[in-house]
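What follows is a short report on a single structure.
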Amino acid sequence: MAPSSLRPLPQIVVLGTGGTIAGTATGDPSLPGYTAGVLGVEDLLKEVPTLGSLAQIQTEQVANVDSKDMTFAVWTRLAGRVMHWLAQPSIQACVITHGTDTLEETAYFLSLVLPLDKPVVLTAAMRPATALNADGPQNLLDAVRVATHPEARGIGVVCVLHGVVHAARDVAKINTHAVEAFSSGERGPLGEIEGEHLRLWRRTPPESGAPFALPAAEAWPRVELLSNVAGTDGAVVRCLVESPCLHPRLRGLVVAGTGGGTVSRELEAALEAAAAQGVSVKVASRVGPLRGGDDDGLSAVKLRVRLLLELAAIGTPLRP
Ligand code: SIN
């Protein structure tokens, strides 16, 4: 066996999409104000010189956005580029730099459309690249460590943040300011990175029904997300269903229900009427994962991602 120093380094691709990890402050770097999605992915790599000893890295800038502005067009382009790179036998994995705000949605979307054999590792940062205590460089290093680790083969789409490996299905942002901003909830994370070592405790079983076909940029249906709160009636649902202004027309509704997925009587009646008109309705809980059921405890935002892909796969039937 060749000594490890003579073995060729794994080849990976790092794709940039923006976020705070690529953000810069114009003023005092110890102060909070900054703009997300400014630096290119090449600039992020330069901050972590040790990456060169882990992998041969190619880069691609897919977008440079604050992830609150994530669009279906960027999702389609990103998934297409990841598929392109992973189809090349020499490429072992992809790493994606992203904003934290919609990281869990992008990760779950990718997990539903990509094959699971090669790792796809998303990472992000809570502090901009110009902060004195920026967390992006360490997160990027950890993400590349996971992407190139032999044990990560077949792990699918994961998020690596603050030394923790989260499954795309379970990860959620739970804190608006701390660097430990992500949790995998009751299921817990898949593993952790300590220094050079990756410890994986579990793997996620593949989603039943996945992978979904990747919708063309113009083929994404409209699926809106509502919440059941004190005073919610059925008016917004009726407006959404009947509105002639919506383009494309409403195809699905996801409700973050109260408690065990309950909704007010008036909202329930409006949802039933919407369903009778061909709108797909799904209910999650605003509290946390629901036990049992077909949707297996998905958060409302992830249930919406899944419904988007289900409806895109069906095409656009005419509503009565
Ligand atoms: C973003 O999501 O792009 C901004 C916030 C962040 O990355 O933490």
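In the structure tokens, chains take letters A, B, ... by order of appearance, with residues numbered from 1 within each chain and ligands from 1 in the order shown.
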
**Study point:** alpha helix (DSSP H) per DSSP on the backbone: members of region 70-306 of chain A, as number ranges by chain
**Key:** A: 72-86, 103-113, 136-148, 235-242, 265-276, 300-306

Per residue of region 182-286 of chain A within 12 Å of region 146-158 of chain A, note the shortest atom pair and the distance in Å to one decimal, counting only C-alpha atoms, and order the rows by chain and increasing residue number, as a tab-separated table.
```
residue	atom	partner	partner_atom	distance
A:Ser184	CA	A:Val158	CA	11.1
A:Pro189	CA	A:Val158	CA	9.9
A:Leu190	CA	A:Val158	CA	8.7
A:Gly191	CA	A:Val146	CA	10.1
A:Glu192	CA	A:Val146	CA	9.4
A:Ile193	CA	A:Val146	CA	8.0
A:Glu194	CA	A:Val146	CA	11.1
A:Gly195	CA	A:Val146	CA	11.5
A:Glu196	CA	A:Val146	CA	9.6
A:His197	CA	A:Val146	CA	9.1
A:Leu198	CA	A:Val146	CA	6.9
A:Arg199	CA	A:Glu151	CA	9.0
A:Leu200	CA	A:Glu151	CA	8.0
A:Trp201	CA	A:Glu151	CA	11.1
A:Arg202	CA	A:Ile155	CA	9.5
A:Arg203	CA	A:Ile155	CA	6.5
A:Thr204	CA	A:Ile155	CA	7.6
A:Pro205	CA	A:Ile155	CA	9.3
A:Pro206	CA	A:Gly156	CA	8.4
A:Glu207	CA	A:Gly156	CA	10.8
A:Ala210	CA	A:Gly156	CA	12.0
A:Pro211	CA	A:Gly156	CA	11.4
```

Review point. Within 10 Å of Val121 (chain A), counting only C-alpha atoms, which residues qualify if same-chain residues fewer than 6 places away don't, as a list in words?
Key: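 Answer for this query is Val14, Ala93, Cys94, Val95, Ile96, Thr97, Ala107, Leu140, Asp142, Ala143, Val144, Arg145, Val146, Ala147, Ala152, Ile155, Gly156, Val157, Val158, Cys159, Val160, Val165, His166, Ala167 and Ala168 of chain A.
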
Exercise for review: For ligand 1, list the contacting residues at 10 Å or closer, counting only C-alpha atoms and all ligand atoms, as a PyMOL selection string.
Suggested key: chain A and resi 17-23+34-37+64-70+97-103+123-128+136+173+176-179+181

Check your understanding: Could you pull out the strand (DSSP E or B) residues of region 220-313 of chain A from DSSP and send them as a PyMOL selection string?
Key -> chain A and resi 222-227+250-258+262+280-285

Review point. Looking at A:Leu114, A:Ala269, A:Ala134, A:Glu104, which one is nearest to Gly80 (chain A), with distances taken over only C-alpha atoms?
Key: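 With only C-alpha atoms as the atom set, the closest residue is A:Leu114.
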
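Proximity ranking of A:Val48, A:Leu240, A:Leu311, A:Ala63 relative to Pro221 (chain A) places A:Leu311 first, based on only C-alpha atoms.
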
**Study point:** Between CA of Leu214 (chain A) and CA of Ser111 (chain A), distance in Å (one decimal)
**Key:**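 Pair CA of Leu214 (chain A) / CA of Ser111 (chain A) returns 11.2 Å.
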
**Study point:** Given only C-alpha atoms as the counted atoms, nearest of A:Val229, A:Val301, A:Leu290, A:Leu246 to Glu266 (chain A)
**Key:**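 Smallest separation from Glu266 (chain A) among the options: A:Val229.
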
**Study point:** Point-to-point distance from CA of Leu15 (chain A) to CA of Gln61 (chain A), Å rounded to tenths
**Key:**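 Pair CA of Leu15 (chain A) / CA of Gln61 (chain A) returns 5.6 Å.
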
Point to revise | Interatomic distance, CA of Val237 (chain A) to CA of Gly257 (chain A) (Å, one decimal) | key: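 That distance, rounded to one decimal, is 14.0 Å.
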
Near-Val13 (chain A) list (6 Å; only C-alpha atoms; drop same-chain fewer than 3 positions) as a CSV table (one decimal) with all heavy atoms, in the first residue's frame:
```
chain,number,residue,atom,x,y,z
A,57,ILE,N,-9.2,21.0,-4.9
A,57,ILE,CA,-10.5,21.6,-4.8
A,57,ILE,C,-10.8,22.5,-6.1
A,57,ILE,O,-9.9,23.3,-6.4
A,57,ILE,CB,-10.7,22.5,-3.6
A,57,ILE,CG1,-10.5,21.6,-2.3
A,57,ILE,CG2,-12.0,23.2,-3.5
A,57,ILE,CD1,-10.6,22.4,-1.0
A,58,GLN,N,-11.9,22.2,-6.7
A,58,GLN,CA,-12.3,23.2,-7.8
A,58,GLN,C,-13.5,24.0,-7.2
A,58,GLN,O,-14.1,23.5,-6.3
A,58,GLN,CB,-12.9,22.4,-9.0
A,58,GLN,CG,-11.8,21.5,-9.7
A,58,GLN,CD,-12.4,20.8,-10.9
A,58,GLN,OE1,-12.7,21.5,-11.8
A,58,GLN,NE2,-12.4,19.5,-10.8
A,59,THR,N,-13.7,25.1,-7.7
A,59,THR,CA,-14.8,26.0,-7.2
A,59,THR,C,-15.8,26.4,-8.3
A,59,THR,O,-15.4,26.5,-9.5
A,59,THR,CB,-14.2,27.3,-6.5
A,59,THR,OG1,-13.6,28.0,-7.5
A,59,THR,CG2,-13.3,26.9,-5.3
A,94,CYS,N,-19.3,17.1,-3.1
A,94,CYS,CA,-19.5,18.6,-3.3
A,94,CYS,C,-19.7,19.2,-1.9
A,94,CYS,O,-20.4,18.6,-1.0
A,94,CYS,CB,-20.7,18.9,-4.1
A,94,CYS,SG,-20.4,18.7,-5.9
```

Point to revise | Ala217 (chain A) environment, 7 Å, only C-alpha atoms, sequence neighbours closer than 5 positions dropped, as a ChimeraX atom specification | key: /A:72-73,76

Can those selected residues be exported to a file as a PDB file, in the first residue's frame so that it contains C-alpha atoms?
```
ATOM      1  CA  PHE A  72     -36.444  28.333  -7.113  1.00  0.00           C
ATOM      2  CA  ALA A  73     -34.249  29.461 -10.025  1.00  0.00           C
ATOM      3  CA  THR A  76     -32.671  24.513  -9.920  1.00  0.00           C
TER       4      THR A  76
END
```
